[in-house]
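Peer 1: So that you have it, the file is target_17.pdb, and it contains PDB, C-alpha atoms, pLDDT in the B column:
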```pdb
ATOM      1  CA  MET E 201      96.201  83.218  75.132  1.00 36.00           C
ATOM      2  CA  VAL E 202      97.924  85.847  77.266  1.00 40.00           C
ATOM      3  CA  PHE E 203      96.160  89.185  77.633  1.00 42.00           C
ATOM      4  CA  ASP E 204      97.951  91.973  75.812  1.00 42.00           C
ATOM      5  CA  ARG E 205      95.328  94.352  74.439  1.00 41.00           C
ATOM      6  CA  PRO E 206      94.459  97.985  75.190  1.00 41.00           C
ATOM      7  CA  SER E 207      91.661  98.617  77.671  1.00 47.00           C
ATOM      8  CA  ALA E 208      89.548 100.287  74.956  1.00 58.00           C
ATOM      9  CA  GLU E 209      88.915  96.909  73.322  1.00 80.00           C
ATOM     10  CA  PRO E 210      86.179  94.594  74.628  1.00 91.00           C
ATOM     11  CA  LEU E 211      87.237  92.185  77.354  1.00 94.00           C
ATOM     12  CA  GLN E 212      86.144  88.589  77.748  1.00 95.00           C
ATOM     13  CA  VAL E 213      85.158  88.481  81.427  1.00 97.00           C
ATOM     14  CA  LEU E 214      84.458  85.728  83.937  1.00 97.00           C
ATOM     15  CA  VAL E 215      82.335  86.875  86.889  1.00 97.00           C
ATOM     16  CA  VAL E 216      82.600  84.802  90.078  1.00 96.00           C
ATOM     17  CA  GLU E 217      79.847  85.810  92.517  1.00 96.00           C
ATOM     18  CA  HIS E 218      77.522  83.650  94.623  1.00 94.00           C
ATOM     19  CA  ARG E 219      74.953  86.422  95.175  1.00 94.00           C
ATOM     20  CA  ALA E 220      72.669  86.401  92.144  1.00 94.00           C
ATOM     21  CA  PRO E 221      71.613  90.102  92.319  1.00 95.00           C
ATOM     22  CA  VAL E 222      75.231  91.253  92.588  1.00 95.00           C
ATOM     23  CA  ALA E 223      76.296  88.950  89.734  1.00 95.00           C
ATOM     24  CA  ALA E 224      73.491  90.313  87.559  1.00 95.00           C
ATOM     25  CA  ARG E 225      74.491  93.880  88.368  1.00 95.00           C
ATOM     26  CA  LEU E 226      78.137  93.240  87.518  1.00 95.00           C
ATOM     27  CA  LYS E 227      77.128  91.567  84.253  1.00 95.00           C
ATOM     28  CA  GLY E 228      74.930  94.519  83.314  1.00 95.00           C
ATOM     29  CA  HIS E 229      77.636  97.082  84.039  1.00 95.00           C
ATOM     30  CA  LEU E 230      80.307  95.115  82.175  1.00 96.00           C
ATOM     31  CA  GLU E 231      78.114  94.754  79.110  1.00 95.00           C
ATOM     32  CA  SER E 232      77.177  98.447  79.223  1.00 94.00           C
ATOM     33  CA  LEU E 233      80.914  99.201  79.109  1.00 93.00           C
ATOM     34  CA  GLY E 234      81.210  97.147  75.939  1.00 94.00           C
ATOM     35  CA  HIS E 235      82.683  93.979  77.449  1.00 96.00           C
ATOM     36  CA  HIS E 236      81.454  90.417  77.020  1.00 95.00           C
ATOM     37  CA  VAL E 237      80.672  88.246  80.044  1.00 96.00           C
ATOM     38  CA  LEU E 238      81.767  84.739  79.069  1.00 94.00           C
ATOM     39  CA  GLY E 239      80.217  83.110  82.096  1.00 92.00           C
ATOM     40  CA  LEU E 240      79.018  83.380  85.679  1.00 95.00           C
ATOM     41  CA  ALA E 241      80.347  81.083  88.413  1.00 95.00           C
ATOM     42  CA  ARG E 242      78.943  80.832  91.938  1.00 94.00           C
ATOM     43  CA  ALA E 243      81.819  79.016  93.688  1.00 94.00           C
ATOM     44  CA  GLY E 244      85.599  78.905  93.582  1.00 92.00           C
ATOM     45  CA  ARG E 245      86.218  75.457  92.192  1.00 93.00           C
ATOM     46  CA  GLU E 246      83.537  75.974  89.574  1.00 94.00           C
ATOM     47  CA  ALA E 247      85.275  79.233  88.608  1.00 95.00           C
ATOM     48  CA  VAL E 248      88.634  77.487  88.134  1.00 95.00           C
ATOM     49  CA  GLU E 249      87.033  74.946  85.793  1.00 94.00           C
ATOM     50  CA  VAL E 250      85.139  77.631  83.864  1.00 94.00           C
ATOM     51  CA  ALA E 251      88.302  79.737  83.500  1.00 95.00           C
ATOM     52  CA  GLN E 252      90.204  76.759  82.075  1.00 93.00           C
ATOM     53  CA  ARG E 253      87.426  76.101  79.585  1.00 94.00           C
ATOM     54  CA  LEU E 254      86.528  79.665  78.507  1.00 94.00           C
ATOM     55  CA  ASP E 255      89.953  81.372  78.715  1.00 93.00           C
ATOM     56  CA  PRO E 256      88.842  84.854  79.936  1.00 95.00           C
ATOM     57  CA  ASN E 257      91.177  87.866  79.834  1.00 93.00           C
ATOM     58  CA  LEU E 258      89.648  89.424  82.973  1.00 96.00           C
ATOM     59  CA  VAL E 259      88.240  87.809  86.127  1.00 97.00           C
ATOM     60  CA  VAL E 260      86.022  89.612  88.643  1.00 97.00           C
ATOM     61  CA  VAL E 261      85.735  87.510  91.811  1.00 97.00           C
ATOM     62  CA  GLU E 262      83.944  87.953  95.131  1.00 96.00           C
ATOM     63  CA  ALA E 263      86.262  87.659  98.165  1.00 94.00           C
ATOM     64  CA  LYS E 264      83.802  85.768 100.398  1.00 92.00           C
ATOM     65  CA  LEU E 265      82.936  82.783  98.254  1.00 92.00           C
ATOM     66  CA  PRO E 266      81.651  79.606  99.881  1.00 87.00           C
ATOM     67  CA  GLY E 267      84.317  76.892 100.101  1.00 87.00           C
ATOM     68  CA  LEU E 268      87.368  78.109  98.192  1.00 92.00           C
ATOM     69  CA  ASP E 269      87.468  81.853  98.913  1.00 94.00           C
ATOM     70  CA  GLY E 270      88.075  84.551  96.321  1.00 94.00           C
ATOM     71  CA  ILE E 271      91.815  84.900  96.921  1.00 94.00           C
ATOM     72  CA  GLU E 272      92.485  81.179  96.670  1.00 95.00           C
ATOM     73  CA  THR E 273      90.245  81.042  93.603  1.00 95.00           C
ATOM     74  CA  ALA E 274      92.330  83.816  92.049  1.00 95.00           C
ATOM     75  CA  ARG E 275      95.529  81.948  92.927  1.00 93.00           C
ATOM     76  CA  ALA E 276      94.276  78.761  91.271  1.00 94.00           C
ATOM     77  CA  ILE E 277      93.184  80.590  88.118  1.00 95.00           C
ATOM     78  CA  VAL E 278      96.378  82.660  87.794  1.00 92.00           C
ATOM     79  CA  THR E 279      98.586  79.617  88.411  1.00 89.00           C
ATOM     80  CA  GLU E 280      97.037  77.975  85.355  1.00 88.00           C
ATOM     81  CA  ARG E 281      97.379  81.088  83.207  1.00 88.00           C
ATOM     82  CA  PRO E 282      98.193  84.667  84.283  1.00 88.00           C
ATOM     83  CA  VAL E 283      95.152  86.907  83.881  1.00 93.00           C
ATOM     84  CA  PRO E 284      94.151  90.206  85.565  1.00 94.00           C
ATOM     85  CA  VAL E 285      91.921  89.582  88.592  1.00 96.00           C
ATOM     86  CA  ILE E 286      89.691  92.126  90.353  1.00 97.00           C
ATOM     87  CA  LEU E 287      88.665  91.160  93.883  1.00 96.00           C
ATOM     88  CA  VAL E 288      85.248  92.365  95.083  1.00 95.00           C
ATOM     89  CA  THR E 289      85.495  93.141  98.805  1.00 93.00           C
ATOM     90  CA  ASP E 290      83.885  95.641 101.148  1.00 87.00           C
ATOM     91  CA  TYR E 291      87.167  96.061 103.082  1.00 83.00           C
ATOM     92  CA  ALA E 292      90.659  95.774 101.609  1.00 77.00           C
ATOM     93  CA  GLY E 293      92.727  95.550 104.800  1.00 83.00           C
ATOM     94  CA  ALA E 294      96.507  95.178 104.780  1.00 84.00           C
ATOM     95  CA  ASP E 295      96.449  91.406 105.318  1.00 86.00           C
ATOM     96  CA  LEU E 296      93.886  90.837 102.577  1.00 88.00           C
ATOM     97  CA  VAL E 297      95.848  93.044 100.163  1.00 86.00           C
ATOM     98  CA  ARG E 298      99.051  91.139 100.974  1.00 84.00           C
ATOM     99  CA  ARG E 299      97.360  87.782 100.377  1.00 89.00           C
ATOM    100  CA  GLY E 300      95.706  89.105  97.243  1.00 90.00           C
ATOM    101  CA  ARG E 301      98.965  90.439  95.813  1.00 84.00           C
ATOM    102  CA  GLU E 302     100.682  87.098  96.405  1.00 84.00           C
ATOM    103  CA  ALA E 303      97.760  85.299  94.719  1.00 88.00           C
ATOM    104  CA  GLY E 304      97.787  87.506  91.615  1.00 87.00           C
ATOM    105  CA  VAL E 305      94.988  89.981  92.438  1.00 92.00           C
ATOM    106  CA  VAL E 306      95.755  93.304  90.741  1.00 90.00           C
ATOM    107  CA  ALA E 307      92.773  95.514  91.689  1.00 93.00           C
ATOM    108  CA  TYR E 308      90.005  95.788  94.284  1.00 94.00           C
ATOM    109  CA  LEU E 309      86.355  96.767  93.985  1.00 94.00           C
ATOM    110  CA  ALA E 310      84.536  97.969  97.094  1.00 91.00           C
ATOM    111  CA  SER E 311      81.274  98.780  95.296  1.00 88.00           C
ATOM    112  CA  VAL E 312      79.769  97.344  92.123  1.00 89.00           C
ATOM    113  CA  ASP E 313      78.720 100.781  90.909  1.00 91.00           C
ATOM    114  CA  ARG E 314      79.559 101.383  87.264  1.00 92.00           C
ATOM    115  CA  PRO E 315      82.128 104.221  87.771  1.00 93.00           C
ATOM    116  CA  GLN E 316      84.053 102.221  90.387  1.00 93.00           C
ATOM    117  CA  LEU E 317      83.996  99.148  88.164  1.00 94.00           C
ATOM    118  CA  LEU E 318      85.368 101.155  85.244  1.00 94.00           C
ATOM    119  CA  SER E 319      88.138 102.537  87.457  1.00 93.00           C
ATOM    120  CA  ALA E 320      88.978  99.065  88.814  1.00 94.00           C
ATOM    121  CA  ILE E 321      89.242  97.683  85.274  1.00 95.00           C
ATOM    122  CA  ASP E 322      91.653 100.464  84.280  1.00 92.00           C
ATOM    123  CA  VAL E 323      93.796  99.807  87.374  1.00 90.00           C
ATOM    124  CA  ALA E 324      93.721  96.034  86.799  1.00 92.00           C
ATOM    125  CA  LEU E 325      94.875  96.300  83.192  1.00 91.00           C
ATOM    126  CA  GLU E 326      97.627  98.782  84.032  1.00 85.00           C
ATOM    127  CA  ARG E 327      98.916  96.741  86.975  1.00 84.00           C
ATOM    128  CA  PHE E 328      98.754  93.533  84.958  1.00 87.00           C
ATOM    129  CA  ARG E 329     100.806  95.158  82.213  1.00 83.00           C
ATOM    130  CA  GLU E 330     103.379  96.080  84.849  1.00 77.00           C
ATOM    131  CA  LEU E 331     103.477  92.503  86.121  1.00 73.00           C
ATOM    132  CA  ARG E 332     103.990  91.222  82.588  1.00 75.00           C
ATOM    133  CA  ILE E 333     107.089  93.422  82.398  1.00 71.00           C
ATOM    134  CA  VAL E 334     108.356  92.573  85.890  1.00 66.00           C
ATOM    135  CA  GLY E 335     108.060  88.822  85.465  1.00 58.00           C
ATOM    136  CA  THR E 336     106.060  86.042  83.879  1.00 45.00           C
ATOM    137  CA  GLY E 337     105.639  82.317  84.279  1.00 40.00           C
ATOM    138  CA  GLU E 338     106.756  80.961  87.647  1.00 41.00           C
ATOM    139  CA  SER E 339     108.288  84.316  88.582  1.00 45.00           C
ATOM    140  CA  TYR E 340     104.837  85.876  88.339  1.00 42.00           C
ATOM    141  CA  LEU E 341     103.974  84.386  91.722  1.00 46.00           C
ATOM    142  CA  HIS E 342     107.334  83.500  93.254  1.00 48.00           C
ATOM    143  CA  GLU E 343     110.302  85.554  92.059  1.00 48.00           C
ATOM    144  CA  ALA E 344     108.614  88.811  91.127  1.00 63.00           C
ATOM    145  CA  PRO E 345     106.797  89.916  94.360  1.00 68.00           C
ATOM    146  CA  GLU E 346     109.895  91.503  95.949  1.00 76.00           C
ATOM    147  CA  THR E 347     110.600  93.451  92.766  1.00 78.00           C
ATOM    148  CA  ARG E 348     106.950  94.508  92.610  1.00 77.00           C
ATOM    149  CA  ARG E 349     107.163  95.806  96.189  1.00 82.00           C
ATOM    150  CA  LEU E 350     110.245  97.855  95.328  1.00 85.00           C
ATOM    151  CA  VAL E 351     108.618  99.204  92.175  1.00 84.00           C
ATOM    152  CA  ASP E 352     105.510 100.155  94.184  1.00 85.00           C
ATOM    153  CA  ARG E 353     107.702 102.071  96.663  1.00 88.00           C
ATOM    154  CA  ALA E 354     109.527 103.819  93.842  1.00 89.00           C
ATOM    155  CA  LYS E 355     106.221 104.734  92.199  1.00 88.00           C
ATOM    156  CA  ARG E 356     104.976 106.280  95.447  1.00 88.00           C
ATOM    157  CA  VAL E 357     108.138 108.412  95.563  1.00 90.00           C
ATOM    158  CA  LEU E 358     107.550 109.714  92.042  1.00 89.00           C
ATOM    159  CA  ILE E 359     103.835 110.256  92.649  1.00 89.00           C
ATOM    160  CA  THR E 360     104.596 112.291  95.781  1.00 89.00           C
ATOM    161  CA  ARG E 361     107.641 114.191  94.506  1.00 86.00           C
ATOM    162  CA  LEU E 362     106.583 114.846  90.912  1.00 88.00           C
ATOM    163  CA  GLY E 363     102.782 114.736  91.095  1.00 87.00           C
ATOM    164  CA  LEU E 364     102.546 111.914  88.552  1.00 83.00           C
ATOM    165  CA  SER E 365      99.747 109.419  88.138  1.00 81.00           C
ATOM    166  CA  GLU E 366     100.536 105.779  88.941  1.00 79.00           C
ATOM    167  CA  ALA E 367     100.747 104.911  85.243  1.00 76.00           C
ATOM    168  CA  GLU E 368     103.024 107.899  84.534  1.00 81.00           C
ATOM    169  CA  ALA E 369     105.262 106.980  87.468  1.00 84.00           C
ATOM    170  CA  PHE E 370     105.663 103.443  86.184  1.00 83.00           C
ATOM    171  CA  ARG E 371     106.451 104.678  82.674  1.00 81.00           C
ATOM    172  CA  ARG E 372     109.078 107.009  84.179  1.00 85.00           C
ATOM    173  CA  ILE E 373     110.681 104.008  85.930  1.00 85.00           C
ATOM    174  CA  LEU E 374     110.633 102.019  82.681  1.00 81.00           C
ATOM    175  CA  ASP E 375     112.215 104.893  80.755  1.00 80.00           C
ATOM    176  CA  ARG E 376     114.919 105.161  83.423  1.00 82.00           C
ATOM    177  CA  THR E 377     115.491 101.410  83.262  1.00 79.00           C
ATOM    178  CA  HIS E 378     115.903 101.402  79.485  1.00 74.00           C
ATOM    179  CA  GLY E 379     118.064 104.525  79.553  1.00 73.00           C
ATOM    180  CA  THR E 380     120.575 103.177  82.085  1.00 77.00           C
ATOM    181  CA  GLY E 381     120.726  99.515  81.125  1.00 74.00           C
ATOM    182  CA  ARG E 382     119.808  98.506  84.674  1.00 80.00           C
ATOM    183  CA  ASN E 383     117.036  96.073  85.514  1.00 80.00           C
ATOM    184  CA  LEU E 384     113.741  97.170  87.034  1.00 80.00           C
ATOM    185  CA  ARG E 385     114.734  96.175  90.566  1.00 83.00           C
ATOM    186  CA  GLU E 386     117.973  98.208  90.429  1.00 86.00           C
ATOM    187  CA  THR E 387     116.158 101.260  89.058  1.00 87.00           C
ATOM    188  CA  ALA E 388     113.553 101.079  91.814  1.00 87.00           C
ATOM    189  CA  TRP E 389     116.311 100.911  94.440  1.00 88.00           C
ATOM    190  CA  MET E 390     118.019 103.974  92.918  1.00 88.00           C
ATOM    191  CA  ILE E 391     114.825 106.010  93.256  1.00 89.00           C
ATOM    192  CA  ILE E 392     114.154 104.782  96.806  1.00 89.00           C
ATOM    193  CA  GLU E 393     117.714 105.583  97.894  1.00 87.00           C
ATOM    194  CA  ALA E 394     117.465 109.025  96.260  1.00 85.00           C
ATOM    195  CA  GLU E 395     114.297 109.704  98.248  1.00 84.00           C
ATOM    196  CA  GLU E 396     116.015 108.632 101.480  1.00 82.00           C
ATOM    197  CA  ALA E 397     118.904 111.008 100.705  1.00 79.00           C
ATOM    198  CA  LEU E 398     116.488 113.866 100.037  1.00 77.00           C
ATOM    199  CA  SER E 399     114.529 113.145 103.205  1.00 75.00           C
ATOM    200  CA  SER E 400     117.677 113.208 105.347  1.00 73.00           C
ATOM    201  CA  LEU E 401     118.791 116.657 104.218  1.00 68.00           C
ATOM    202  CA  ASP E 402     119.022 119.474 106.744  1.00 62.00           C
ATOM    203  CA  PHE E 403     117.242 122.239 104.829  1.00 62.00           C
ATOM    204  CA  ALA E 404     117.937 124.784 107.569  1.00 63.00           C
ATOM    205  CA  GLY E 405     121.621 124.001 107.149  1.00 63.00           C
ATOM    206  CA  CYS E 406     121.266 124.362 103.373  1.00 60.00           C
ATOM    207  CA  ALA E 407     119.754 127.827 103.878  1.00 62.00           C
ATOM    208  CA  GLN E 408     122.704 128.766 106.122  1.00 64.00           C
ATOM    209  CA  LEU E 409     125.140 127.583 103.460  1.00 58.00           C
ATOM    210  CA  ILE E 410     123.359 129.598 100.763  1.00 58.00           C
ATOM    211  CA  PHE E 411     123.496 132.676 103.017  1.00 59.00           C
ATOM    212  CA  GLN E 412     127.245 132.193 103.462  1.00 59.00           C
ATOM    213  CA  VAL E 413     127.724 131.937  99.683  1.00 54.00           C
ATOM    214  CA  VAL E 414     125.746 135.138  99.110  1.00 55.00           C
ATOM    215  CA  ARG E 415     127.435 136.919 102.037  1.00 58.00           C
ATOM    216  CA  PRO E 416     130.983 135.478 102.069  1.00 52.00           C
ATOM    217  CA  THR E 417     132.113 137.840 104.812  1.00 56.00           C
ATOM    218  CA  ALA E 418     129.448 136.602 107.224  1.00 52.00           C
ATOM    219  CA  THR E 419     130.721 134.634 110.191  1.00 53.00           C
ATOM    220  CA  PRO E 420     129.485 131.022 110.155  1.00 50.00           C
ATOM    221  CA  THR E 421     127.475 129.954 113.151  1.00 51.00           C
ATOM    222  CA  SER E 422     129.243 127.726 115.616  1.00 47.00           C
ATOM    223  CA  GLY E 423     126.987 124.807 114.691  1.00 46.00           C
ATOM    224  CA  HIS E 424     128.445 124.553 111.154  1.00 47.00           C
ATOM    225  CA  THR E 425     132.109 123.595 111.384  1.00 45.00           C
ATOM    226  CA  LEU E 426     134.238 122.553 108.457  1.00 44.00           C
ATOM    227  CA  SER E 427     134.838 118.912 107.697  1.00 44.00           C
ATOM    228  CA  SER E 428     138.331 117.481 107.316  1.00 42.00           C
ATOM    229  CA  ALA E 429     138.005 118.058 103.563  1.00 45.00           C
ATOM    230  CA  GLY E 430     137.373 121.761 104.098  1.00 46.00           C
ATOM    231  CA  GLN E 431     133.634 121.630 103.289  1.00 48.00           C
ATOM    232  CA  PRO E 432     130.784 122.406 105.659  1.00 48.00           C
ATOM    233  CA  PRO E 433     128.791 119.260 106.452  1.00 49.00           C
ATOM    234  CA  THR E 434     125.826 120.851 104.718  1.00 47.00           C
ATOM    235  CA  ALA E 435     127.827 121.131 101.511  1.00 50.00           C
ATOM    236  CA  LEU E 436     128.399 117.407 101.610  1.00 51.00           C
ATOM    237  CA  ARG E 437     124.651 116.921 101.966  1.00 52.00           C
ATOM    238  CA  LEU E 438     124.104 119.216  98.971  1.00 49.00           C
ATOM    239  CA  ASP E 439     126.377 116.929  96.940  1.00 57.00           C
ATOM    240  CA  ARG E 440     124.073 114.061  97.929  1.00 54.00           C
ATOM    241  CA  LEU E 441     121.095 116.151  96.882  1.00 52.00           C
ATOM    242  CA  LYS E 442     122.556 116.686  93.415  1.00 52.00           C
ATOM    243  CA  GLY E 443     123.094 112.974  92.978  1.00 56.00           C
ATOM    244  CA  ALA E 444     119.633 112.163  94.263  1.00 54.00           C
ATOM    245  CA  SER E 445     118.022 114.702  91.946  1.00 52.00           C
ATOM    246  CA  ARG E 446     119.770 113.207  88.951  1.00 54.00           C
ATOM    247  CA  THR E 447     118.491 109.778  89.915  1.00 54.00           C
ATOM    248  CA  ILE E 448     114.849 110.865  90.177  1.00 58.00           C
TER     249      ILE E 448
END
```
Produce structure tokens that represent the structure in this file.
Peer 2:
Amino acid sequence: MVFDRPSAEPLQVLVVEHRAPVAARLKGHLESLGHHVLGLARAGREAVEVAQRLDPNLVVVEAKLPGLDGIETARAIVTERPVPVILVTDYAGADLVRRGREAGVVAYLASVDRPQLLSAIDVALERFRELRIVGTGESYLHEAPETRRLVDRAKRVLITRLGLSEAEAFRRILDRTHGTGRNLRETAWMIIEAEEALSSLDFAGCAQLIFQVVRPTATPTSGHTLSSAGQPPTALRLDRLKGASRTI
């Protein structure tokens, strides 16, 4: 069974944690949030077997498991059946995040406090929903990562430029995708290229051009000569700005 339910409904969770006090704490928090802990596993290979048998729709796994570590455990579980995985780690460095992303990890938990766990679950379900849209099956681990990276970059553009949440940014990308008939990868590239065009604009030159439009008799500064088409270079950049704005 593939997970496709809203986060408000109870989740069937597998907890993979070799430290008994931490496992008990996670179990207590999950149950207090209304979820059901199907089982507790203390090692990676045990977790893979339990996941195959119990069919959870969320896995919370410790990064530093004995033997098969948390990332490889996540990879083995997700390869059998895609499921959202939260990795418990005290430090999510760039290399660990890269390995985790390639293995199917969709969220990270630095502390097993209840508020952070709730936030991690929300992120995991949202990111997993995105991955379901980007690609499933074999592409989940092999073909989709490059598209996911582009979508992540495009989301960061929208978050920064428009002040959206991550979920809102992704929905904006989806709406743009459906509205243009392009695929998700092409839409992400459009937004990234629009951001690059905006970032390259000479805003001081734009101000000079505006001043010249308002005061047509003013003498242009020597630094703003006309192009062969009769337009100041800044005007050409403004044309790029209009196109970029329409894209975003």
Peer 1: Would you translate the PyMOL selection byres ((chain E and resi 285) around 6) into the concrete set of residues it matches in this file, as a list in words?
Peer 2: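 Checking the PyMOL selection byres ((chain E and resi 285) around 6) against this file, the residues are Val259, Val260, Pro284, Ile286, Val305 and Val306 of chain E.
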Peer 1: Please enumerate the residues selected by the PyMOL selection byres ((chain E and resi 258) around 9) when evaluated against the supplied file, formatted as an MDAnalysis selection string.
Peer 2: chainID E and resid 203 211:215 256:257 259:260 283:286 321 324:325
Peer 1: Env of range 224-227 of chain E: 8 Å cut, atoms = all atoms listed in the file, seq-sep filter 2 positions within chain, self excluded. Answer as a VMD selection string.
Peer 2: chain E and resid 215 220 to 222 229 to 231 237 312
Peer 1: So what does the PyMOL selection byres ((chain E and resi 297) around 12) actually pick up in this one, as a PyMOL selection string?
Peer 2: chain E and resi 263+271+286-289+291-296+298-309
Peer 1: Would you work out the distance separating CA of Leu268 in chain E from CA of Leu240 in chain E, expressed in Å to one decimal?
Peer 2: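 CA of Leu240 in chain E lies at a distance of 15.9 Å from CA of Leu268 in chain E.
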Peer 1: Pick the closest to Arg356 in chain E from E:Ala388, E:Leu374, E:Asn383, E:His236: which is it, counting only C-alpha atoms?
Peer 2: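 Among E:Ala388, E:Leu374, E:Asn383, E:His236, it is E:Ala388 that comes nearest to Arg356 in chain E.
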Peer 1: In Å, with one decimal, what is the gap from CA of His218 in chain E to CA of Arg245 in chain E?
Peer 2: 12.2 Å
Peer 1: At a cut-off of 9 Å, using only C-alpha atoms, what residues contact Pro266 in chain E? Leave out same-chain residues fewer than 2 positions from it and give the result as an MDAnalysis selection string.
Peer 2: chainID E and resid 218 242:244 264 268:270
Peer 1: For the atom pair CA of Leu350 in chain E and CA of Ala274 in chain E, what is the interatomic distance in Å to one decimal place?
Peer 2: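 Computing the Euclidean distance for CA of Leu350 in chain E and CA of Ala274 in chain E yields 23.0 Å.
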Peer 1: With distances taken over all atoms listed in the file, which of E:Arg353, E:Ile359, E:Arg376, E:Ala367 is nearest to Ile392 in chain E?
Peer 2: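 Of all the options, E:Arg353 lies closest to Ile392 in chain E.
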Peer 1: Counting all atoms listed in the file, which of E:Glu280, E:Glu246, E:Glu396, E:Glu209 gets nearest to Gly267 in chain E?
Peer 2: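 Of all the options, E:Glu246 lies closest to Gly267 in chain E.
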Peer 1: Set the distance at 12 Å and use only C-alpha atoms: which residues neighbour Arg361 in chain E once local chain neighbours fewer than 5 positions away are removed? I'd like the list as a ChimeraX atom specification.
Peer 2: /E:354-356,369,391-392,394-395,398-399,445,448
Peer 1: Mind completing range 364-370 of chain E with all heavy atoms? Output as a CSV table (one decimal), in the frame of the given file, please?
Peer 2:
```csv
chain,number,residue,atom,x,y,z
E,364,LEU,N,102.9,112.8,89.7
E,364,LEU,CA,102.5,111.9,88.6
E,364,LEU,C,101.4,111.0,88.9
E,364,LEU,O,101.2,110.7,90.1
E,364,LEU,CB,103.7,111.1,88.1
E,364,LEU,CG,105.0,111.8,87.8
E,364,LEU,CD1,106.1,110.8,87.4
E,364,LEU,CD2,104.8,112.8,86.6
E,365,SER,N,100.7,110.5,87.9
E,365,SER,CA,99.7,109.4,88.1
E,365,SER,C,100.5,108.1,88.3
E,365,SER,O,101.7,108.1,88.0
E,365,SER,CB,98.8,109.3,87.0
E,365,SER,OG,99.5,108.8,85.8
E,366,GLU,N,99.9,107.1,88.8
E,366,GLU,CA,100.5,105.8,88.9
E,366,GLU,C,101.1,105.3,87.6
E,366,GLU,O,102.2,104.8,87.5
E,366,GLU,CB,99.6,104.8,89.6
E,366,GLU,CG,100.3,103.4,89.9
E,366,GLU,CD,99.4,102.5,90.7
E,366,GLU,OE1,98.3,102.9,91.1
E,366,GLU,OE2,99.8,101.3,90.9
E,367,ALA,N,100.3,105.4,86.6
E,367,ALA,CA,100.7,104.9,85.2
E,367,ALA,C,101.9,105.7,84.8
E,367,ALA,O,102.9,105.2,84.2
E,367,ALA,CB,99.6,105.0,84.2
E,368,GLU,N,101.9,107.0,84.9
E,368,GLU,CA,103.0,107.9,84.5
E,368,GLU,C,104.3,107.6,85.3
E,368,GLU,O,105.4,107.6,84.8
E,368,GLU,CB,102.7,109.4,84.7
E,368,GLU,CG,101.6,109.9,83.7
E,368,GLU,CD,101.1,111.2,84.1
E,368,GLU,OE1,101.2,111.6,85.3
E,368,GLU,OE2,100.5,111.9,83.2
E,369,ALA,N,104.1,107.3,86.6
E,369,ALA,CA,105.3,107.0,87.5
E,369,ALA,C,105.9,105.7,87.0
E,369,ALA,O,107.1,105.6,86.9
E,369,ALA,CB,104.8,106.9,88.9
E,370,PHE,N,105.1,104.7,86.6
E,370,PHE,CA,105.7,103.4,86.2
E,370,PHE,C,106.4,103.6,84.8
E,370,PHE,O,107.5,103.1,84.6
E,370,PHE,CB,104.6,102.4,86.1
E,370,PHE,CG,105.1,101.0,85.7
E,370,PHE,CD1,105.9,100.3,86.5
E,370,PHE,CD2,104.8,100.5,84.4
E,370,PHE,CE1,106.4,99.1,86.2
E,370,PHE,CE2,105.3,99.2,84.1
E,370,PHE,CZ,106.1,98.5,85.0
```
